[in-house]
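One structure below.
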Amino acid sequence: MEIQKLYDLDDIEFEDITIGLVRLVKNVPDHEFFFKINQHNDLNFSRKKDLVFHGDYYDYFFSRFEAYHKFTKTCFTFISNKSIESNQKKLQTELFTEEENIKFLLNNQTEVQYILHTSEQFPDFSVILLPENLVFPIQDYTLGSEEELYQIIQYYE
């Protein structure tokens, strides 16, 4: 008897996700930034286990902060765009490797400090009141399913 396929992974279309790009006016430590956000909101952002990206030569660690908004029943996650730590796994023996000890999740957005993700299909980042004179307005950014960050977010969701 032949086993019937219920679906073919090649035929599944993954939907794009929308994330928020958070740029700070000035550099402040993580704990200070989230202390100020928690003061302005009924949210309680707390540090979660770091997001880990495994490269060929380094393992990169990115800080994560999460909070649950009770009214909208939404989980918000801030992920640092720039690695906060890296551990070298093996020595680079090739002359022109593209891997360095610092990594950005969004290589083309190095001025972004945090990536804001939500559990909602159509996120509403306006429920988070950001401290004045510290943060530029949140910019919506669409991630396609072929992008590396899309896969990382899906893994940690």
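Following the order of the structure tokens, chains are lettered A, B, ..., residues in each are numbered from 1, and ligands are numbered from 1.
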
Please provide as a ChimeraX atom specification all residues within 8 Å of A:Tyr57, with the sequence filter that same-chain residues fewer than 3 positions apart are discarded (counting only C-alpha atoms).
/A:88-92,99

May I have the selected residues written with N, CA and C atoms, as a tab-separated table (two decimals), in the first residue's frame?
```tsv
chain	number	residue	atom	x	y	z
A	88	GLN	N	35.01	31.94	19.94
A	88	GLN	CA	35.68	31.36	18.78
A	88	GLN	C	35.71	29.84	18.92
A	89	LYS	N	35.22	29.15	17.88
A	89	LYS	CA	35.17	27.68	17.90
A	89	LYS	C	36.42	27.07	17.30
A	90	LYS	N	36.90	27.68	16.23
A	90	LYS	CA	38.11	27.18	15.59
A	90	LYS	C	38.86	28.35	14.97
A	91	LEU	N	40.14	28.13	14.73
A	91	LEU	CA	41.01	29.16	14.17
A	91	LEU	C	40.73	29.35	12.68
A	92	GLN	N	40.71	30.59	12.25
A	92	GLN	CA	40.51	30.87	10.83
A	92	GLN	C	41.82	30.65	10.09
A	99	GLU	N	33.64	35.96	8.08
A	99	GLU	CA	33.18	35.86	9.46
A	99	GLU	C	34.15	36.59	10.40
```

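Secondary structure by DSSP on the backbone puts the following residues of stretch 66-157 of chain A in helix (DSSP H, G or I): A:Phe125, A:Ser126, A:Val127, A:Glu148, A:Leu149, A:Tyr150, A:Gln151, A:Ile152, A:Ile153, A:Gln154, A:Tyr155, A:Tyr156.
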
Keeping N, CA and C atoms for every residue in the selection just given, could you write it to a file as an mmCIF file, in the first residue's frame?
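After the write, part-v6.cif holds the following:
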```
data_model
loop_
_atom_site.group_PDB
_atom_site.id
_atom_site.type_symbol
_atom_site.label_atom_id
_atom_site.label_comp_id
_atom_site.auth_asym_id
_atom_site.auth_seq_id
_atom_site.Cartn_x
_atom_site.Cartn_y
_atom_site.Cartn_z
ATOM 1 N N PHE A 125 3.000 47.818 17.081
ATOM 2 C CA PHE A 125 4.061 48.225 17.996
ATOM 3 C C PHE A 125 3.710 49.496 18.763
ATOM 4 N N SER A 126 2.600 50.123 18.402
ATOM 5 C CA SER A 126 2.234 51.385 19.050
ATOM 6 C C SER A 126 1.767 51.195 20.489
ATOM 7 N N VAL A 127 1.500 49.960 20.929
ATOM 8 C CA VAL A 127 1.082 49.743 22.318
ATOM 9 C C VAL A 127 2.253 49.897 23.290
ATOM 10 N N GLU A 148 17.774 34.817 6.475
ATOM 11 C CA GLU A 148 18.354 34.091 7.609
ATOM 12 C C GLU A 148 17.664 34.453 8.934
ATOM 13 N N LEU A 149 17.380 35.728 9.147
ATOM 14 C CA LEU A 149 16.757 36.182 10.383
ATOM 15 C C LEU A 149 15.349 35.600 10.533
ATOM 16 N N TYR A 150 14.641 35.418 9.439
ATOM 17 C CA TYR A 150 13.309 34.822 9.464
ATOM 18 C C TYR A 150 13.373 33.433 10.092
ATOM 19 N N GLN A 151 14.334 32.650 9.644
ATOM 20 C CA GLN A 151 14.500 31.284 10.167
ATOM 21 C C GLN A 151 14.855 31.304 11.653
ATOM 22 N N ILE A 152 15.701 32.237 12.050
ATOM 23 C CA ILE A 152 16.113 32.345 13.455
ATOM 24 C C ILE A 152 14.913 32.696 14.334
ATOM 25 N N ILE A 153 14.108 33.663 13.902
ATOM 26 C CA ILE A 153 12.938 34.069 14.676
ATOM 27 C C ILE A 153 11.948 32.928 14.787
ATOM 28 N N GLN A 154 11.727 32.212 13.707
ATOM 29 C CA GLN A 154 10.801 31.075 13.744
ATOM 30 C C GLN A 154 11.290 30.006 14.722
ATOM 31 N N TYR A 155 12.582 29.803 14.792
ATOM 32 C CA TYR A 155 13.147 28.801 15.699
ATOM 33 C C TYR A 155 12.919 29.178 17.160
ATOM 34 N N TYR A 156 13.100 30.470 17.474
ATOM 35 C CA TYR A 156 12.991 30.921 18.862
ATOM 36 C C TYR A 156 11.555 31.257 19.271
#
```

Could you list, as an MDAnalysis selection string, every residue within 6 Å of A:Phe61, counting only C-alpha atoms and ignoring same-chain residues fewer than 4 positions away?
chainID A and resid 50:52 83:85

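Proximity of A:His40, A:Asp30, A:Ser46, A:Glu100 to A:Glu132, computed with only C-alpha atoms, is greatest for A:His40.
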
Residue contacts of A:Leu105 (10 Å, only C-alpha atoms) excluding same-chain residues fewer than 4 positions away, as a ChimeraX atom specification
/A:53,60,62,79-83,109-110,112,114-115,148-149,152

Tell me which of A:Ser119, A:Thr93, A:Thr18, A:Asn27 sits closest to A:Ile138, counting only C-alpha atoms.
A:Thr18

Write out as a ChimeraX atom specification which residues come within 7 Å of A:Ile19 when counting only C-alpha atoms, dropping same-chain ones fewer than 3 positions away.
/A:115-117,140-142

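In this structure, atom CA of A:Asn101 sits 7.9 Å away from atom CA of A:Asn87.
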
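Residue nearest A:Pro137 within the list A:Phe65, A:Gly20, A:Glu15, A:Phe122: A:Gly20 [criterion: smallest interatomic distance, only C-alpha atoms].
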
Proximity to A:Leu143 - best of A:Arg64, A:Asp42, A:Leu106, A:Val25, only C-alpha atoms:
A:Leu106
